[in-house]
Amino acid sequence: CAVKAAHVLSEIAKNEEMKKPCIEADLVLTLIPLLEGTDQEMLLHAGRAIGRICYDNRDLQEELVKVGVIPSLVRILTDYAESEPLVHVALLALYNLADLDSAKEALSMTKVAEQLVKQLRRAESHERLEIVFEVLQALAENDALKVQLVDAGVPEVLSEILLRLQGSSQAEDTCIVRAASDLIVSLLLGAELSHFLTRELKVAKNNTKSIVLILARHENAQGKDSLNSEFASLVSIVVFLTSLTCSVLPLSSDGNCLRMVQLGVIHQLLDLLEKHVRSGDTSVQQAALSALQNLAIPVVSKVQMLEEGVAERIEALLRSESPPVQFKLLGTLRMLADGQADAAEILGHDPMLLTRLVQWCSVSDHSGICREANRLLASILHHNRSQEVVKAIQAAQGVKHLVSMTTSEHAAMQNEALNALAIASAIDLETLEQPFKESQLVQSLHKLLQDDNTSPEVKYNSMGLLCRLLNSGDLRQEIEEDKIKDTLERLCSHSNADVVKEATTMLQILRGDT
């Protein structure tokens with residue numbers, strides 16, 4: 001009798017006009033306890049009735065959560081995972097409730113993530129996949145649930161789905177691919193790295209060829225619409241995983257990075273970059289640049305990337321007016337130049353790049369871009385061994401920015417600038433003499449030595465640069481006139497042994513003892 005009554009209510013609730021009488025009669029609260037039973041037919045009809053009565057009624061939905069419907073729905077998914085009708089009812093209910101903060105909080109106390117993974121694996125229809133995706137997308141807005149979903153393996157299952165459908169051109173499959181890739185992005189790009197890093201690195205490492213296949217599919221996608229939207233999120237997360245694999249795994253992963261390069265990932269990423277510069281899709285540009293930047297960390301990959309002409313192709317992005325893309329571009333080029341004289345020379349011989357860098361060095365409304373531009377300029381000068389590059393940077397008016405960088409509030413940047421200027425002075429001090437005088441480099445270095453807040457490493461590198469400047473008659477005169485010798489004598493009693501040693505050495509040079 002009770003089962004039939006629940007069935008009748010579920011049918012009545014289909015009628016919009018009958019919902020209000022059902023609500024006024026408190027039928028929802030009467031039906032809730034029935035979800036605790038084991039009679040599958042009763043669970044089905046009671047679940048449908050509750051769902052239909054409460055559909056689009058936020059107050060009632062909040063009441064449902066308050067009286068404990070969430071654990072009951074998760075129990076149905078757990079105990080009756082192979083019952084298609086019951087699973088459908090439970091998923092629909094979760095879909096309708098998942099937007100509520102109270103529901104998300106209640107779900108975070110359950111094992112719903114494990115059950116949703118099971119349903120993803122079992123789903124055979126597009127409709128079932130779509131409703132599970134909708135539930136997952138809503139739950140991914142909650143940090144605690146996001147971690148649980150990642151730990152339960154949702155990204156791996158989504159990756160499997162993407163790979164399974166990667167050769168399909170059917171419209172329904174395209175929708176699934178888009179939804180799955182958007183969901184992966186939601187799960188990974190906003191989660192705390194420590195919670196999912198190991199798992200996702202493993203996924204990426206074990207699917208190197210799959211990553212290449214997905215990139216290749218995007219590269220071959222025809223038409224503006226497919227280029228701009230169909231795979232944008234997918235590519236973003238693929239290159240994100242590529243980036244993580246190469247940047248965080250131990251040194252043994254260098255081979256994995258090289259394997260990706262050999263499989264063609266670099267050129268495919270560059271093709272994507274060039275296409276999306278034209279299309280204006282900055283999210284893919286940023287993601288691809290992040291991957292390239294981290295692929296360039298291992299020396300073995302850096303060398304091959306240079307041979308592949310990566311530096312020249314990335315520079316095509318200089319026409320982008322998107323600050324986030326510009327920031328990534330600068331970081332990518334800096335990583336490529338790090339420790340590579342060939343790369344530094346390539347970049348240093350590009351007048352368009354140097355001109356743009358100098359422009360960026362004084363951008364006041366984008367401090368990140370300004371900082372990265374200065375660091376790239378310093379890196380080019382540091383790793384370069386060519387007089388022509390020194391002359392080119394001076395011709396582009398870049399030296400004065402590096403002198404300013406020596407007084408940065410960031411010690412790391414100060415040291416980068418000091419080391420770069422010291423190396424450049426050893427290569428071609430004659431070219432640098434005049435800009436050094438105009439920018440009052442000697443006086444700036446003296447202030448660094450006098451300042452008690454200057455770090456020992458900055459003091460040490462400042463004296464190293466001053467020693468180079470002594471090879472110029474005019475600059476030596478400035479050093480003597482500024483009474484730096486007195487400051488050096490005080491530094492001979494500094495607490496840092498390296499500072500003391502360098503101060504002593506420079507004093508000997510100034511006194512003519514060596």
# chains A, B, ... in the order shown; residues from 1 in each chain; ligands from 1
call {"tool": "residues_around", "arguments": {"residues": "Gln508 (chain A)", "least_positions_apart": "6", "cutoff": "12 Å", "atoms": "only C-alpha atoms", "output": "number ranges by chain"}}
result
A: 467, 485, 488-489, 492, 501-502, 514
call {"tool": "write_last_selection", "arguments": {"atoms": "C-alpha atoms", "output": "compact mmCIF listing (two decimals), in the first residue's frame"}}
result
# COMPACT_ATOMS: atom_id res chain seq x y z
CA CYS A 467 86.58 45.15 -9.17
CA LYS A 485 87.95 52.59 0.25
CA LEU A 488 85.76 48.58 2.32
CA GLU A 489 87.93 48.98 5.40
CA CYS A 492 86.95 43.94 6.60
CA LYS A 501 87.67 38.25 1.81
CA GLU A 502 86.27 40.26 -1.12
CA THR A 514 98.48 43.24 -6.39
call {"tool": "atom_distance", "arguments": {"atom1": "CA of His7 (chain A)", "atom2": "CA of Ala123 (chain A)"}}
result
26.5 Å
call {"tool": "residues_around", "arguments": {"residues": "Glu134 (chain A)", "least_positions_apart": "6", "cutoff": "10 Å", "atoms": "only C-alpha atoms", "output": "ChimeraX atom specification"}}
result
/A:91-92,94-96,98,140,179,183
call {"tool": "write_last_selection", "arguments": {"atoms": "N, CA, C and O atoms", "output": "PDB file, in the first residue's frame"}}
result
ATOM      1  N   LEU A  91      21.193  10.534  -8.753  1.00  0.00           N
ATOM      2  CA  LEU A  91      22.016  11.519  -9.444  1.00  0.00           C
ATOM      3  C   LEU A  91      21.241  12.801  -9.748  1.00  0.00           C
ATOM      4  O   LEU A  91      21.756  13.907  -9.611  1.00  0.00           O
ATOM      5  N   LEU A  92      19.981  12.634 -10.161  1.00  0.00           N
ATOM      6  CA  LEU A  92      19.147  13.804 -10.417  1.00  0.00           C
ATOM      7  C   LEU A  92      18.955  14.628  -9.148  1.00  0.00           C
ATOM      8  O   LEU A  92      19.000  15.868  -9.178  1.00  0.00           O
ATOM      9  N   LEU A  94      20.992  14.743  -6.555  1.00  0.00           N
ATOM     10  CA  LEU A  94      22.259  15.406  -6.249  1.00  0.00           C
ATOM     11  C   LEU A  94      22.491  16.603  -7.176  1.00  0.00           C
ATOM     12  O   LEU A  94      22.982  17.649  -6.749  1.00  0.00           O
ATOM     13  N   TYR A  95      22.114  16.439  -8.429  1.00  0.00           N
ATOM     14  CA  TYR A  95      22.254  17.522  -9.400  1.00  0.00           C
ATOM     15  C   TYR A  95      21.445  18.743  -8.973  1.00  0.00           C
ATOM     16  O   TYR A  95      21.921  19.890  -9.058  1.00  0.00           O
ATOM     17  N   ASN A  96      20.213  18.500  -8.477  1.00  0.00           N
ATOM     18  CA  ASN A  96      19.344  19.599  -8.056  1.00  0.00           C
ATOM     19  C   ASN A  96      19.798  20.250  -6.751  1.00  0.00           C
ATOM     20  O   ASN A  96      19.517  21.417  -6.501  1.00  0.00           O
ATOM     21  N   ALA A  98      23.142  20.108  -5.567  1.00  0.00           N
ATOM     22  CA  ALA A  98      24.596  20.336  -5.496  1.00  0.00           C
ATOM     23  C   ALA A  98      24.997  21.806  -5.471  1.00  0.00           C
ATOM     24  O   ALA A  98      26.106  22.143  -5.028  1.00  0.00           O
ATOM     25  N   ALA A 140      32.891  20.553  -7.577  1.00  0.00           N
ATOM     26  CA  ALA A 140      34.271  21.038  -7.711  1.00  0.00           C
ATOM     27  C   ALA A 140      34.429  22.484  -7.257  1.00  0.00           C
ATOM     28  O   ALA A 140      35.550  22.984  -7.125  1.00  0.00           O
ATOM     29  N   ALA A 179      33.067  18.926 -22.081  1.00  0.00           N
ATOM     30  CA  ALA A 179      32.654  18.926 -20.675  1.00  0.00           C
ATOM     31  C   ALA A 179      33.713  18.272 -19.788  1.00  0.00           C
ATOM     32  O   ALA A 179      34.017  18.764 -18.691  1.00  0.00           O
ATOM     33  N   LEU A 183      35.979  20.081 -16.891  1.00  0.00           N
ATOM     34  CA  LEU A 183      35.921  19.559 -15.530  1.00  0.00           C
ATOM     35  C   LEU A 183      37.320  19.293 -14.980  1.00  0.00           C
ATOM     36  O   LEU A 183      37.607  19.585 -13.813  1.00  0.00           O
TER      37      LEU A 183
END
call {"tool": "residues_around", "arguments": {"residues": "Ala152 (chain A)", "least_positions_apart": "5", "cutoff": "9 Å", "atoms": "only C-alpha atoms", "output": "PyMOL selection string"}}
result
chain A and resi 113-114+117+147
call {"tool": "closest_residue", "arguments": {"among": "A:Leu336, A:Leu317, A:Val87, A:Val69", "to": "Val132 (chain A)", "atoms": "only C-alpha atoms"}}
result
A:Val87
call {"tool": "select_by_dssp", "arguments": {"residues": "region 272-487 of chain A", "states": "helix (DSSP H, G or I)", "output": "VMD selection string"}}
result
chain A and resid 272 to 279 282 to 295 299 to 307 310 to 319 323 to 337 341 to 348 351 to 361 367 to 383 387 to 395 399 to 405 411 to 438 441 to 450 456 to 469 473 to 481 484 to 487
call {"tool": "atom_distance", "arguments": {"atom1": "CA of Ala424 (chain A)", "atom2": "CA of Leu445 (chain A)"}}
result
16.2 Å
call {"tool": "residues_around", "arguments": {"residues": "Val28 (chain A)", "least_positions_apart": "4", "cutoff": "8 Å", "atoms": "only C-alpha atoms", "output": "MDAnalysis selection string"}}
result
chainID A and resid 22:23 32 50 53
call {"tool": "write_last_selection", "arguments": {"atoms": "N, CA and C atoms", "output": "short mmCIF file (atom, residue, chain, number, x, y, z; two decimals), in the first residue's frame"}}
result
data_model
loop_
_atom_site.label_atom_id
_atom_site.label_comp_id
_atom_site.auth_asym_id
_atom_site.auth_seq_id
_atom_site.Cartn_x
_atom_site.Cartn_y
_atom_site.Cartn_z
N CYS A 22 0.96 19.39 -2.29
CA CYS A 22 1.88 18.39 -1.70
C CYS A 22 2.79 19.04 -0.66
N ILE A 23 3.22 20.25 -0.96
CA ILE A 23 4.09 20.96 -0.03
C ILE A 23 3.32 21.35 1.22
N ILE A 32 10.68 11.44 3.33
CA ILE A 32 12.12 11.34 3.61
C ILE A 32 12.51 10.04 4.32
N ILE A 50 9.92 13.02 -4.17
CA ILE A 50 10.64 14.09 -3.49
C ILE A 50 11.31 15.03 -4.50
N ILE A 53 8.62 17.19 -6.37
CA ILE A 53 7.98 18.20 -5.52
C ILE A 53 8.96 19.34 -5.21
#
call {"tool": "residues_around", "arguments": {"residues": "region 79-86 of chain A", "least_positions_apart": "6", "cutoff": "12 Å", "atoms": "only C-alpha atoms", "output": "MDAnalysis selection string"}}
result
chainID A and resid 35:48 71:73 92:93 112 114:125 128
call {"tool": "closest_residue", "arguments": {"among": "A:Ile12, A:Val363, A:Cys175, A:Leu145", "to": "Phe327 (chain A)", "atoms": "only C-alpha atoms"}}
result
A:Val363
call {"tool": "residues_around", "arguments": {"residues": "Glu438 (chain A)", "least_positions_apart": "4", "cutoff": "9 Å", "atoms": "only C-alpha atoms", "output": "PyMOL selection string"}}
result
chain A and resi 400+433-434
call {"tool": "closest_residue", "arguments": {"among": "A:Asn496, A:Tyr55, A:Lys4, A:Ala396", "to": "Lys19 (chain A)", "atoms": "only C-alpha atoms"}}
result
A:Tyr55
